[in-house]
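The next block is input20.pdb, given as PDB, C-alpha atoms and all ligand atoms.
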ATOM      1  CA  MET U   1      54.737 101.974 135.932
ATOM      2  CA  PRO U   2      57.677  99.834 134.788
ATOM      3  CA  ARG U   3      58.598  96.997 137.101
ATOM      4  CA  GLY U   4      61.166  98.062 139.659
ATOM      5  CA  ALA U   5      60.465 101.801 139.393
ATOM      6  CA  ALA U   6      60.468 103.804 142.608
ATOM      7  CA  PHE U   7      57.043 103.384 144.213
ATOM      8  CA  PHE U   8      57.317 105.033 147.602
ATOM      9  CA  ALA U   9      60.041 106.672 149.703
ATOM     10  CA  GLY U  10      62.554 106.023 146.938
ATOM     11  CA  MET U  11      61.990 102.256 147.033
ATOM     12  CA  ASN U  12      60.416  99.959 144.492
ATOM     13  CA  LYS U  13      57.655  97.639 145.665
ATOM     14  CA  ALA U  14      59.917  94.689 146.410
ATOM     15  CA  GLN U  15      62.328  96.824 148.426
ATOM     16  CA  LEU U  16      59.491  98.479 150.307
ATOM     17  CA  ARG U  17      57.863  95.135 151.120
ATOM     18  CA  ALA U  18      61.159  93.753 152.413
ATOM     19  CA  CYS U  19      61.810  96.921 154.411
ATOM     20  CA  ILE U  20      58.408  96.838 156.131
ATOM     21  CA  ARG U  21      58.653  93.104 156.855
ATOM     22  CA  LEU U  22      62.008  93.689 158.491
ATOM     23  CA  ARG U  23      60.609  96.480 160.662
ATOM     24  CA  LEU U  24      57.624  94.356 161.708
ATOM     25  CA  LYS U  25      59.876  91.436 162.574
ATOM     26  CA  GLU U  26      61.129  93.485 165.513
ATOM     27  CA  ARG U  27      57.606  93.903 166.871
ATOM     28  CA  GLU U  28      55.751  91.588 169.205
ATOM     29  CA  PHE U  29      52.115  90.646 168.814
ATOM     30  CA  ASP U  30      49.837  93.196 170.542
ATOM     31  CA  GLU U  31      52.684  95.680 170.976
ATOM     32  CA  VAL U  32      51.507  99.212 170.146
ATOM     33  CA  PHE U  33      54.082 101.039 168.061
ATOM     34  CA  GLN U  34      54.643 104.012 165.785
ATOM     35  CA  ASP U  35      56.118 103.766 162.327
ATOM     36  CA  ASP U  36      56.120 106.904 160.210
ATOM     37  CA  LEU U  37      57.021 105.068 157.038
ATOM     38  CA  ILE U  38      53.954 102.821 157.300
ATOM     39  CA  SER U  39      51.744 105.735 158.406
ATOM     40  CA  ASP U  40      52.815 107.755 155.368
ATOM     41  CA  LEU U  41      52.460 104.794 153.036
ATOM     42  CA  ILE U  42      48.876 104.153 154.157
ATOM     43  CA  ALA U  43      47.987 107.859 153.977
ATOM     44  CA  GLU U  44      49.286 108.085 150.418
ATOM     45  CA  LYS U  45      48.654 104.689 148.879
ATOM     46  CA  HIS U  46      45.897 102.853 150.722
ATOM     47  CA  TYR U  47      42.796 102.643 148.519
ATOM     48  CA  TYR U  48      40.499 103.979 151.252
ATOM     49  CA  CYS U  49      42.702 106.041 153.534
ATOM     50  CA  SER U  50      44.335 107.948 150.668
ATOM     51  CA  VAL U  51      41.038 109.400 149.414
ATOM     52  CA  HIS U  52      39.752 110.119 152.932
ATOM     53  CA  ASP U  53      42.865 111.798 154.307
ATOM     54  CA  LEU U  54      43.296 109.149 156.964
ATOM     55  CA  ARG U  55      46.689 108.583 158.500
ATOM     56  CA  PRO U  56      46.902 105.995 161.286
ATOM     57  CA  SER U  57      49.278 107.165 164.007
ATOM     58  CA  GLN U  58      50.037 103.837 165.691
ATOM     59  CA  PHE U  59      49.870 100.166 164.860
ATOM     60  CA  ARG U  60      49.600  96.759 166.370
ATOM     61  CA  MET U  61      49.715  93.241 165.019
ATOM     62  CA  VAL U  62      47.224  90.747 166.346
ATOM     63  CA  TYR U  63      47.926  87.046 166.053
ATOM     64  CA  ARG U  64      45.602  85.376 163.599
ATOM     65  CA  PRO U  65      44.721  81.790 164.499
ATOM     66  CA  GLY U  66      45.994  79.579 161.724
ATOM     67  CA  GLY U  67      48.965  81.777 160.946
ATOM     68  CA  GLY U  68      49.962  85.319 160.157
ATOM     69  CA  TYR U  69      48.551  88.406 161.789
ATOM     70  CA  ASP U  70      45.884  91.062 161.430
ATOM     71  CA  PHE U  71      47.286  94.544 161.157
ATOM     72  CA  TYR U  72      45.475  97.345 162.985
ATOM     73  CA  GLY U  73      45.959 101.095 162.753
ATOM     74  CA  LEU U  74      44.935 103.689 165.310
ATOM     75  CA  PHE U  75      42.816 106.389 163.709
ATOM     76  CA  ASN U  76      41.239 109.566 165.052
ATOM     77  CA  ALA U  77      39.080 109.322 168.137
ATOM     78  CA  SER U  78      41.170 106.406 169.387
ATOM     79  CA  ARG U  79      39.594 104.076 166.911
ATOM     80  CA  TRP U  80      41.457 100.893 166.016
ATOM     81  CA  HIS U  81      40.641  99.483 162.614
ATOM     82  CA  LYS U  82      42.102  96.752 160.486
ATOM     83  CA  VAL U  83      44.201  98.279 157.740
ATOM     84  CA  SER U  84      46.393  96.391 155.336
ATOM     85  CA  TRP U  85      49.790  97.851 154.535
ATOM     86  CA  SER U  86      50.339  95.214 151.854
ATOM     87  CA  GLN U  87      47.221  96.349 150.000
ATOM     88  CA  CYS U  88      49.015  99.648 149.434
ATOM     89  CA  LEU U  89      51.554  97.725 147.372
ATOM     90  CA  ASP U  90      49.255  95.308 145.670
ATOM     91  CA  PRO U  91      46.052  96.868 144.319
ATOM     92  CA  ARG U  92      44.674  93.458 143.368
ATOM     93  CA  ASP U  93      42.640  93.611 146.513
ATOM     94  CA  GLN U  94      40.637  96.517 145.137
ATOM     95  CA  ASN U  95      39.462  94.202 142.386
ATOM     96  CA  ASP U  96      38.550  91.663 145.026
ATOM     97  CA  TRP U  97      36.226  94.207 146.624
ATOM     98  CA  ILE U  98      34.614  94.904 143.267
ATOM     99  CA  GLN U  99      34.267  91.236 142.521
ATOM    100  CA  SER U 100      32.534  90.615 145.829
ATOM    101  CA  ALA U 101      30.135  93.495 145.090
ATOM    102  CA  LEU U 102      29.362  91.961 141.694
ATOM    103  CA  ARG U 103      28.815  88.582 143.295
ATOM    104  CA  LEU U 104      26.404  90.152 145.743
ATOM    105  CA  ALA U 105      24.557  91.899 142.902
ATOM    106  CA  SER U 106      24.142  88.620 141.023
ATOM    107  CA  ALA U 107      22.755  86.813 144.075
ATOM    108  CA  PRO U 108      19.062  87.477 143.228
ATOM    109  CA  PHE U 109      19.502  85.719 139.851
ATOM    110  CA  LEU U 110      20.975  82.729 141.614
ATOM    111  CA  SER U 111      18.260  82.507 144.265
ATOM    112  CA  ALA U 112      15.611  82.760 141.541
ATOM    113  CA  ARG U 113      17.192  79.800 139.730
ATOM    114  CA  ARG U 114      17.291  77.739 142.924
ATOM    115  CA  LEU U 115      13.682  78.580 143.667
ATOM    116  CA  ALA U 116      12.677  77.492 140.164
ATOM    117  CA  PHE U 117      14.715  74.269 140.441
ATOM    118  CA  PRO U 118      14.647  73.016 144.028
ATOM    119  CA  ILE U 119      16.072  69.672 142.867
ATOM    120  CA  CYS U 120      19.574  69.505 141.369
ATOM    121  CA  GLU U 121      19.348  69.972 137.611
ATOM    122  CA  ARG U 122      22.335  67.705 137.020
ATOM    123  CA  CYS U 123      21.658  64.575 139.081
ATOM    124  CA  GLY U 124      17.950  65.127 139.520
ATOM    125  CA  VAL U 125      18.166  63.595 142.994
ATOM    126  CA  LEU U 126      19.563  65.897 145.665
ATOM    127  CA  PRO U 127      18.169  69.299 146.649
ATOM    128  CA  SER U 128      19.842  72.164 144.826
ATOM    129  CA  THR U 129      21.955  74.078 147.322
ATOM    130  CA  GLU U 130      23.971  76.272 144.951
ATOM    131  CA  VAL U 131      23.922  77.662 141.450
ATOM    132  CA  ASP U 132      26.549  77.096 138.797
ATOM    133  CA  HIS U 133      27.379  79.703 136.174
ATOM    134  CA  VAL U 134      27.520  77.243 133.279
ATOM    135  CA  SER U 135      28.201  79.896 130.652
ATOM    136  CA  PRO U 136      29.737  82.352 130.888
ATOM    137  CA  GLU U 137      31.512  81.578 134.140
ATOM    138  CA  PHE U 138      31.219  84.202 136.853
ATOM    139  CA  GLN U 139      34.942  84.967 136.722
ATOM    140  CA  SER U 140      34.690  85.830 133.075
ATOM    141  CA  ILE U 141      31.646  88.081 133.614
ATOM    142  CA  ALA U 142      33.433  89.815 136.494
ATOM    143  CA  ARG U 143      36.636  90.250 134.489
ATOM    144  CA  GLN U 144      34.823  91.843 131.543
ATOM    145  CA  ALA U 145      32.721  93.986 133.870
ATOM    146  CA  THR U 146      35.716  95.312 135.782
ATOM    147  CA  GLN U 147      37.497  96.183 132.540
ATOM    148  CA  LEU U 148      34.612  98.505 131.672
ATOM    149  CA  MET U 149      35.136 100.621 134.764
ATOM    150  CA  THR U 150      36.744 103.971 134.143
ATOM    151  CA  THR U 151      39.327 105.467 136.473
ATOM    152  CA  SER U 152      36.739 107.859 137.846
ATOM    153  CA  GLU U 153      34.304 104.991 138.459
ATOM    154  CA  PHE U 154      37.011 103.224 140.445
ATOM    155  CA  ARG U 155      37.530 106.378 142.449
ATOM    156  CA  ASN U 156      33.824 106.936 143.018
ATOM    157  CA  ALA U 157      33.244 103.345 144.016
ATOM    158  CA  PHE U 158      35.665 103.674 146.879
ATOM    159  CA  ARG U 159      34.808 107.245 147.728
ATOM    160  CA  GLY U 160      31.246 106.214 148.580
ATOM    161  CA  PHE U 161      32.411 103.131 150.445
ATOM    162  CA  ASP U 162      31.901 103.234 154.201
ATOM    163  CA  TRP U 163      35.070 101.535 155.277
ATOM    164  CA  TRP U 164      33.956 101.637 158.934
ATOM    165  CA  SER U 165      30.648  99.946 158.261
ATOM    166  CA  ASP U 166      29.964  96.252 158.757
ATOM    167  CA  GLN U 167      27.659  96.318 155.733
ATOM    168  CA  PRO U 168      28.940  94.649 152.580
ATOM    169  CA  PHE U 169      30.642  96.762 149.939
ATOM    170  CA  THR U 170      28.339  97.615 147.013
ATOM    171  CA  LEU U 171      28.755  99.586 143.799
ATOM    172  CA  PRO U 172      26.711 102.669 142.851
ATOM    173  CA  LEU U 173      23.726 101.897 140.621
ATOM    174  CA  ASP U 174      25.185 103.774 137.644
ATOM    175  CA  ASN U 175      28.460 101.843 137.786
ATOM    176  CA  SER U 176      29.200 100.225 134.409
ATOM    177  CA  ALA U 177      30.617  97.017 135.892
ATOM    178  CA  LEU U 178      27.440  96.559 137.893
ATOM    179  CA  ALA U 179      25.250  97.295 134.847
ATOM    180  CA  TYR U 180      27.223  94.817 132.728
ATOM    181  CA  THR U 181      26.995  92.113 135.401
ATOM    182  CA  LEU U 182      23.242  92.497 135.808
ATOM    183  CA  GLN U 183      22.745  92.451 132.044
ATOM    184  CA  ALA U 184      25.018  89.438 131.572
ATOM    185  CA  HIS U 185      22.933  87.507 134.072
ATOM    186  CA  GLN U 186      19.768  88.042 132.011
ATOM    187  CA  SER U 187      21.183  85.774 129.319
ATOM    188  CA  ALA U 188      23.688  83.657 131.279
ATOM    189  CA  THR U 189      23.108  79.920 131.462
ATOM    190  CA  LEU U 190      22.665  79.033 135.116
ATOM    191  CA  GLN U 191      22.119  75.643 136.667
ATOM    192  CA  ALA U 192      20.800  74.930 140.146
ATOM    193  CA  VAL U 193      22.903  72.103 141.533
ATOM    194  CA  CYS U 194      23.888  70.148 144.608
ATOM    195  CA  LYS U 195      27.419  70.605 145.969
ATOM    196  CA  ASP U 196      28.828  67.470 144.329
ATOM    197  CA  CYS U 197      27.380  68.293 140.934
ATOM    198  CA  HIS U 198      28.745  71.843 141.212
ATOM    199  CA  LEU U 199      32.242  70.408 141.703
ATOM    200  CA  GLN U 200      31.625  67.935 138.901
ATOM    201  CA  ASN U 201      30.632  70.754 136.529
ATOM    202  CA  ALA U 202      33.823  72.603 137.373
ATOM    203  CA  THR U 203      35.912  69.478 136.767
ATOM    204  CA  ASP U 204      34.179  68.852 133.435
ATOM    205  CA  ARG U 205      34.943  72.401 132.319
ATOM    206  CA  LYS U 206      38.570  72.048 133.300
ATOM    207  CA  MET U 207      38.855  68.799 131.317
ATOM    208  CA  LEU U 208      37.178  70.407 128.310
ATOM    209  CA  ARG U 209      39.608  73.308 128.416
ATOM    210  CA  GLY U 210      42.534  70.929 128.816
ATOM    211  CA  GLY U 211      41.296  68.793 125.917
ATOM    212  CA  SER U 212      40.933  71.706 123.529
ATOM    213  CA  ALA U 213      44.323  73.210 124.363
TER     214      ALA U 213
HETATM  215 ZN    ZN J   1      23.343  66.962 141.909
END
Write-out of the structure in C-alpha cells:
Amino acid sequence: MPRGAAFFAGMNKAQLRACIRLRLKEREFDEVFQDDLISDLIAEKHYYCSVHDLRPSQFRMVYRPGGGYDFYGLFNASRWHKVSWSQCLDPRDQNDWIQSALRLASAPFLSARRLAFPICERCGVLPSTEVDHVSPEFQSIARQATQLMTTSEFRNAFRGFDWWSDQPFTLPLDNSALAYTLQAHQSATLQAVCKDCHLQNATDRKMLRGGSA
C-alpha cells in the first residue's frame, strides 16, 4: 500500500493514530469506556482478533509503572485482555512474535553449547552464562527465516496461536521459518561466553562492520 493511502475509516495510518491518541487523551486511567472506532479497528485489523472474529466492546487504560499505559479490551464472557490498538497500525509486532518463537526454538542449541563449554570460550576464566551467535548473527538468521514464510504460513501461525494462553507463542512444526532456523543452527558458529565477553563480541563486530564500511 502506498504511504498515506487510506488504511481504515477513510484515514491513513498517521491520521488514524493521531485521531485515536486524541480520543484517548480525554480518558482517565482505569475509566471504562466505549469507542466504536477502536472496536471496529481491532475487529478488522488486529492480527489475532481479526482472524478470530473478536470485537472488544469496551476499553480501559491501566497506568504502566515507568510510563505509558496498558490497553485492555473487554471481550465476551466479561473477559478483560490486553489488546494493542497500535499493533493494528504497525504490523512489525507480528514479526516480533515470530522472532521470539524462533529464539525459543533455537534455545536447545544454545543450552547444548553452554553444557559443552561451561567456562567462557573467550576469556577462559568466568563461567559461561550465555551463548553468542558468532556467525551468522541471530538477527540475520531470523530475518532470512521470516522472509521464507508465505502469506498462508503467516496466517496459519496466528490462527493456531492461543492468544489467551500464558504459554509462549510457537510456530507449527512444518513452518518454513522454523525449519530454516533449526537448520541454520546446525552449522552456525556459536560461542559459550560470560556476559562481559558477550558484550565484547558484539562491540568487536560493530567495529569490524564500521571499519569495512
Ligand atoms: Zn568471558
### Query
Which protein, DNA or RNA residues have an atom within 12 Å of ligand ZN 1 (chain J), counting only C-alpha atoms and all ligand atoms, as number ranges by chain?
U: 117-132, 191-201
### Query
Can you list, as a PyMOL selection string, the residues that the PyMOL selection byres (((chain U and resi 180) around 10) and not hetatm) selects here?
chain U and resi 102+141-142+144-146+148+175-179+181-185
If you take every atom of stretch 194-210 of chain U that the file lists and fit an axis-aligned box around them with 5 Å extra on each side, what centre and edge lengths come out in Å to one decimal, as JSON?
{"center_x": 33.2, "center_y": 70.4, "center_z": 137.1, "size_x": 28.6, "size_y": 15.8, "size_z": 27.7}
### Surrounding residues of U:Leu171 excluding itself and chain neighbours under 4 positions, 12 Å, all atoms listed in the file, as number ranges by chain
U: 97-105, 146, 149, 153-162, 175-179, 181
Using only C-alpha atoms, please write the residues we just selected to a file, as a PDB file, in the frame of the given file.
ATOM      1  CA  TRP U  97      36.226  94.207 146.624  1.00  0.00           C
ATOM      2  CA  ILE U  98      34.614  94.904 143.267  1.00  0.00           C
ATOM      3  CA  GLN U  99      34.267  91.236 142.521  1.00  0.00           C
ATOM      4  CA  SER U 100      32.534  90.615 145.829  1.00  0.00           C
ATOM      5  CA  ALA U 101      30.135  93.495 145.090  1.00  0.00           C
ATOM      6  CA  LEU U 102      29.362  91.961 141.694  1.00  0.00           C
ATOM      7  CA  ARG U 103      28.815  88.582 143.295  1.00  0.00           C
ATOM      8  CA  LEU U 104      26.404  90.152 145.743  1.00  0.00           C
ATOM      9  CA  ALA U 105      24.557  91.899 142.902  1.00  0.00           C
ATOM     10  CA  THR U 146      35.716  95.312 135.782  1.00  0.00           C
ATOM     11  CA  MET U 149      35.136 100.621 134.764  1.00  0.00           C
ATOM     12  CA  GLU U 153      34.304 104.991 138.459  1.00  0.00           C
ATOM     13  CA  PHE U 154      37.011 103.224 140.445  1.00  0.00           C
ATOM     14  CA  ARG U 155      37.530 106.378 142.449  1.00  0.00           C
ATOM     15  CA  ASN U 156      33.824 106.936 143.018  1.00  0.00           C
ATOM     16  CA  ALA U 157      33.244 103.345 144.016  1.00  0.00           C
ATOM     17  CA  PHE U 158      35.665 103.674 146.879  1.00  0.00           C
ATOM     18  CA  ARG U 159      34.808 107.245 147.728  1.00  0.00           C
ATOM     19  CA  GLY U 160      31.246 106.214 148.580  1.00  0.00           C
ATOM     20  CA  PHE U 161      32.411 103.131 150.445  1.00  0.00           C
ATOM     21  CA  ASP U 162      31.901 103.234 154.201  1.00  0.00           C
ATOM     22  CA  ASN U 175      28.460 101.843 137.786  1.00  0.00           C
ATOM     23  CA  SER U 176      29.200 100.225 134.409  1.00  0.00           C
ATOM     24  CA  ALA U 177      30.617  97.017 135.892  1.00  0.00           C
ATOM     25  CA  LEU U 178      27.440  96.559 137.893  1.00  0.00           C
ATOM     26  CA  ALA U 179      25.250  97.295 134.847  1.00  0.00           C
ATOM     27  CA  THR U 181      26.995  92.113 135.401  1.00  0.00           C
TER      28      THR U 181
END
### Task
Taking the file as shown, find all residues satisfying the PyMOL selection byres (((chain U and resi 75) around 10) and not hetatm) and write them as a VMD selection string.
chain U and resid 54 to 59 72 to 74 76 to 81
Put those residues in a file: C-alpha atoms, as a PDB file, in the coordinates of the input.
ATOM      1  CA  LEU U  54      43.296 109.149 156.964  1.00  0.00           C
ATOM      2  CA  ARG U  55      46.689 108.583 158.500  1.00  0.00           C
ATOM      3  CA  PRO U  56      46.902 105.995 161.286  1.00  0.00           C
ATOM      4  CA  SER U  57      49.278 107.165 164.007  1.00  0.00           C
ATOM      5  CA  GLN U  58      50.037 103.837 165.691  1.00  0.00           C
ATOM      6  CA  PHE U  59      49.870 100.166 164.860  1.00  0.00           C
ATOM      7  CA  TYR U  72      45.475  97.345 162.985  1.00  0.00           C
ATOM      8  CA  GLY U  73      45.959 101.095 162.753  1.00  0.00           C
ATOM      9  CA  LEU U  74      44.935 103.689 165.310  1.00  0.00           C
ATOM     10  CA  ASN U  76      41.239 109.566 165.052  1.00  0.00           C
ATOM     11  CA  ALA U  77      39.080 109.322 168.137  1.00  0.00           C
ATOM     12  CA  SER U  78      41.170 106.406 169.387  1.00  0.00           C
ATOM     13  CA  ARG U  79      39.594 104.076 166.911  1.00  0.00           C
ATOM     14  CA  TRP U  80      41.457 100.893 166.016  1.00  0.00           C
ATOM     15  CA  HIS U  81      40.641  99.483 162.614  1.00  0.00           C
TER      16      HIS U  81
END
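Interatomic distance, atom CA of U:Val32 against atom CA of U:Ser84: 15.9 Å.
Shortest separation to U:Ala116 among U:Gln34, U:Glu44, U:Leu190, U:Ala5 occurs at residue U:Leu190, atoms counted being all atoms listed in the file.
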### Query
Mind pulling up the distance from atom CA of U:Arg27 to atom CA of U:Val62?
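Going from atom CA of U:Val62 over to atom CA of U:Arg27 covers 10.9 Å.
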#### Entry: Of the listed residues U:Cys88, U:Leu41, U:Asp70, U:Arg23, that which approaches U:Gly10 most closely, counting only C-alpha atoms
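Under the stated criterion, the closest residue is U:Leu41.
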